[in-house]
Amino acid sequence: MRRRDCAGAALELVRGDITSQATDAIVNAANTTLLGGGGVDGAIHRAGGPEILAECRTLGGCVTGDAKLTRGGRLPARFVIHAVGPVYRDGRHGEPELLASAYRRSLEIAVEHGLRSVAFPSISTGAYRFPIAEAAPIALGTVVRFLVARPGTLTLVRFVLFGDADLAAYETALAGPACDPGRGVAQG
Ligand code: ADP
């Protein structure tokens, strides 16, 4: 596990399963229909039960780069923030900006609802094929900038990586320029 203080909030990297996280909200790597899929999405709906899908059906989908909130059903987390990352084509179709937007909108929604702790999976790096070495600095950099811009809102942002290689990619990014201490991340 890697942990850093970021403007008074904890930024953590762990290897694990997002569905077991007891943060106020977990983030789902959803698709635009919000009606379920494979990967993290399938795992969250399986673990959380049918209540989540029933609520998703009322939301009218979600555009890429945005996110929507439901309750957490049977999950330890009270809420699920369903974020839609981009499908990666070649990196020149707005994918980095849309990925950053999916993270930023998730954090905004958490704060709007008074939530203090959020766990993210690695959005878009599975079925959506975003190269993880490119995605990790975007993910972490977006979170760092948000925490610095909105101190006193969130107390914990945790990235829950499913495998050792994914965790290693995020550890590399956390040590890199996207998370430069000069941009507000204290060394820890
Ligand atoms: P996307 O369609 O946005 O690419 P995926 O669900 O296919 O989303 O994959 C996103 C990442 O989540 C991948 O790195 C995948 O290995 C990982 N993942 C899959 N299941 C879980 C889980 N239960 N907890 C955390 N991460 C998971």
# chains A, B, ... in the order shown; residues from 1 in each chain; ligands from 1
>>> residues_near_ligand(ligand="ligand 1", cutoff="9 Å", atoms="only C-alpha atoms and all ligand atoms", output="number ranges by chain")
A: 15-20, 28-31, 37-44, 83-88, 120-130, 132, 159-163, 166
>>> residues_around(residues="stretch 58-73 of chain A", least_positions_apart="6", cutoff="7 Å", atoms="only C-alpha atoms", output="number ranges by chain")
A: 32-34, 48-49, 51-52, 79-86, 98-99, 101-102, 105-106
>>> write_last_selection(atoms="C-alpha atoms", output="compact mmCIF listing (two decimals), in the first residue's frame")
# COMPACT_ATOMS: atom_id res chain seq x y z
CA THR A 32 -23.14 4.91 -21.19
CA THR A 33 -26.28 2.78 -20.71
CA LEU A 34 -25.61 2.34 -16.96
CA GLY A 48 -24.48 -5.00 -4.54
CA GLY A 49 -27.62 -6.78 -5.67
CA GLU A 51 -31.32 -2.53 -6.13
CA ILE A 52 -28.42 -0.78 -7.88
CA PHE A 79 -23.13 4.84 -2.59
CA VAL A 80 -21.90 3.94 -6.05
CA ILE A 81 -20.74 6.67 -8.42
CA HIS A 82 -21.13 5.29 -11.94
CA ALA A 83 -18.47 6.99 -14.09
CA VAL A 84 -18.14 6.54 -17.83
CA GLY A 85 -14.59 6.63 -19.17
CA PRO A 86 -13.71 6.72 -22.87
CA LEU A 98 -12.59 12.43 -21.19
CA LEU A 99 -10.78 10.17 -18.72
CA SER A 101 -13.43 14.37 -16.75
CA ALA A 102 -14.78 11.00 -15.55
CA ARG A 105 -17.08 14.51 -12.17
CA SER A 106 -16.98 11.55 -9.76
>>> residues_around(residues="stretch 142-157 of chain A", least_positions_apart="3", cutoff="10 Å", atoms="only C-alpha atoms", output="number ranges by chain")
A: 3, 5-13, 23-26, 99-104, 106-108, 110-112, 114-120, 136-139, 160, 174, 178-181, 183-185
>>> write_last_selection(atoms="N, CA and C atoms", output="compact mmCIF listing (two decimals), in the first residue's frame")
# COMPACT_ATOMS: atom_id res chain seq x y z
N ARG A 3 0.68 5.48 0.48
CA ARG A 3 -0.20 6.50 1.03
C ARG A 3 0.52 7.84 1.04
N ASP A 5 -0.11 12.17 1.87
CA ASP A 5 -0.99 13.28 2.22
C ASP A 5 -1.08 14.23 1.04
N CYS A 6 -2.26 14.67 0.76
CA CYS A 6 -2.47 15.60 -0.33
C CYS A 6 -3.44 16.67 0.14
N ALA A 7 -2.90 17.83 0.49
CA ALA A 7 -3.70 18.95 0.98
C ALA A 7 -4.63 18.53 2.13
N GLY A 8 -4.12 17.68 3.01
CA GLY A 8 -4.88 17.26 4.19
C GLY A 8 -5.71 16.01 3.98
N ALA A 9 -5.80 15.54 2.75
CA ALA A 9 -6.52 14.29 2.47
C ALA A 9 -5.51 13.17 2.23
N ALA A 10 -5.94 11.93 2.47
CA ALA A 10 -5.08 10.78 2.19
C ALA A 10 -5.34 10.30 0.77
N LEU A 11 -4.27 10.07 0.05
CA LEU A 11 -4.36 9.46 -1.29
C LEU A 11 -3.67 8.11 -1.19
N GLU A 12 -4.42 7.03 -1.42
CA GLU A 12 -3.90 5.68 -1.21
C GLU A 12 -3.96 4.86 -2.48
N LEU A 13 -2.98 3.98 -2.63
CA LEU A 13 -2.98 2.96 -3.67
C LEU A 13 -2.97 1.60 -2.99
N THR A 23 -15.62 2.51 1.90
CA THR A 23 -15.60 3.97 1.77
C THR A 23 -17.03 4.47 1.60
N ASP A 24 -17.26 5.77 1.75
CA ASP A 24 -18.62 6.32 1.58
C ASP A 24 -19.16 5.96 0.21
N ALA A 25 -18.31 6.05 -0.81
CA ALA A 25 -18.71 5.66 -2.16
C ALA A 25 -17.59 4.87 -2.81
N ILE A 26 -18.01 3.94 -3.68
CA ILE A 26 -17.06 3.36 -4.63
C ILE A 26 -17.47 3.84 -6.01
N LEU A 99 -11.13 10.96 -19.90
CA LEU A 99 -10.78 10.17 -18.72
C LEU A 99 -10.66 11.08 -17.50
N ALA A 100 -9.96 12.20 -17.66
CA ALA A 100 -9.83 13.16 -16.56
C ALA A 100 -11.20 13.63 -16.11
N SER A 101 -12.08 13.89 -17.06
CA SER A 101 -13.43 14.37 -16.75
C SER A 101 -14.22 13.33 -15.94
N ALA A 102 -14.07 12.06 -16.29
CA ALA A 102 -14.78 11.00 -15.55
C ALA A 102 -14.34 11.00 -14.08
N TYR A 103 -13.05 11.16 -13.83
CA TYR A 103 -12.56 11.24 -12.44
C TYR A 103 -13.04 12.51 -11.75
N ARG A 104 -12.92 13.65 -12.45
CA ARG A 104 -13.30 14.93 -11.83
C ARG A 104 -14.79 14.96 -11.51
N SER A 106 -16.73 12.46 -10.88
CA SER A 106 -16.98 11.55 -9.76
C SER A 106 -16.69 12.25 -8.43
N LEU A 107 -15.58 12.97 -8.39
CA LEU A 107 -15.20 13.67 -7.16
C LEU A 107 -16.18 14.81 -6.86
N GLU A 108 -16.60 15.53 -7.89
CA GLU A 108 -17.57 16.61 -7.70
C GLU A 108 -18.88 16.08 -7.14
N ALA A 110 -19.32 13.34 -5.42
CA ALA A 110 -19.08 12.93 -4.03
C ALA A 110 -19.19 14.14 -3.10
N VAL A 111 -18.54 15.22 -3.45
CA VAL A 111 -18.55 16.41 -2.59
C VAL A 111 -19.95 17.02 -2.53
N GLU A 112 -20.66 17.05 -3.66
CA GLU A 112 -22.04 17.58 -3.68
C GLU A 112 -22.94 16.84 -2.70
N GLY A 114 -21.87 15.41 0.10
CA GLY A 114 -21.30 15.43 1.44
C GLY A 114 -20.49 14.19 1.78
N LEU A 115 -20.08 13.42 0.78
CA LEU A 115 -19.30 12.21 1.04
C LEU A 115 -17.85 12.60 1.29
N ARG A 116 -17.17 11.78 2.12
CA ARG A 116 -15.81 12.13 2.56
C ARG A 116 -14.75 11.18 2.01
N SER A 117 -15.15 9.95 1.67
CA SER A 117 -14.15 8.96 1.22
C SER A 117 -14.65 8.24 -0.02
N VAL A 118 -13.76 8.09 -0.99
CA VAL A 118 -14.12 7.53 -2.29
C VAL A 118 -13.05 6.54 -2.73
N ALA A 119 -13.48 5.39 -3.24
CA ALA A 119 -12.54 4.41 -3.81
C ALA A 119 -12.79 4.29 -5.32
N PHE A 120 -11.71 4.37 -6.08
CA PHE A 120 -11.78 4.27 -7.54
C PHE A 120 -11.14 2.98 -8.04
N ALA A 136 -2.76 6.06 -15.73
CA ALA A 136 -2.47 6.24 -14.30
C ALA A 136 -2.09 7.69 -13.95
N PRO A 137 -1.19 8.34 -14.72
CA PRO A 137 -0.89 9.74 -14.37
C PRO A 137 -2.08 10.67 -14.57
N ILE A 138 -2.95 10.37 -15.52
CA ILE A 138 -4.15 11.19 -15.70
C ILE A 138 -5.08 11.03 -14.49
N ALA A 139 -5.28 9.77 -14.09
CA ALA A 139 -6.15 9.49 -12.94
C ALA A 139 -5.62 10.17 -11.68
N VAL A 160 -8.09 1.34 -5.99
CA VAL A 160 -8.08 -0.10 -5.71
C VAL A 160 -7.75 -0.82 -7.01
N LEU A 174 2.50 7.78 -9.33
CA LEU A 174 2.47 8.58 -8.10
C LEU A 174 3.83 9.22 -7.82
N ALA A 178 3.17 13.97 -12.77
CA ALA A 178 1.74 14.27 -12.64
C ALA A 178 1.35 14.51 -11.19
N CYS A 179 2.13 13.90 -10.27
CA CYS A 179 1.85 14.04 -8.85
C CYS A 179 3.01 14.74 -8.14
N ASP A 180 3.63 15.64 -8.84
CA ASP A 180 4.78 16.38 -8.32
C ASP A 180 4.43 17.08 -7.01
N PRO A 181 5.32 16.98 -6.00
CA PRO A 181 5.04 17.67 -4.75
C PRO A 181 4.80 19.17 -4.95
N ARG A 183 3.08 20.44 -7.07
CA ARG A 183 1.67 20.64 -7.39
C ARG A 183 0.78 20.34 -6.19
N GLY A 184 1.40 20.07 -5.04
CA GLY A 184 0.58 19.96 -3.85
C GLY A 184 0.61 18.63 -3.14
N VAL A 185 1.41 17.67 -3.60
CA VAL A 185 1.46 16.38 -2.93
C VAL A 185 2.70 16.33 -2.03
>>> atom_distance(atom1="atom CA of A:Gly36", atom2="atom CA of A:Gly94")
24.1 Å
>>> select_by_dssp(residues="stretch 47-97 of chain A", states="strand (DSSP E)", output="compact mmCIF listing (two decimals) with C-alpha atoms, in the first residue's frame")
# COMPACT_ATOMS: atom_id res chain seq x y z
CA ALA A 67 -20.88 10.24 -13.69
CA LYS A 68 -24.11 9.56 -11.78
CA LEU A 69 -24.82 8.44 -8.21
CA THR A 70 -26.90 5.55 -6.87
CA ARG A 71 -27.21 3.93 -3.48
CA PHE A 79 -23.13 4.84 -2.59
CA VAL A 80 -21.90 3.94 -6.05
CA ILE A 81 -20.74 6.67 -8.42
CA HIS A 82 -21.13 5.29 -11.94
CA ALA A 83 -18.47 6.99 -14.09
CA VAL A 84 -18.14 6.54 -17.83
>>> select_by_dssp(residues="stretch 11-133 of chain A", states="helix (DSSP H, G or I)", output="PyMOL selection string")
chain A and resi 18-20+39-48+50-56+95-112+132-133
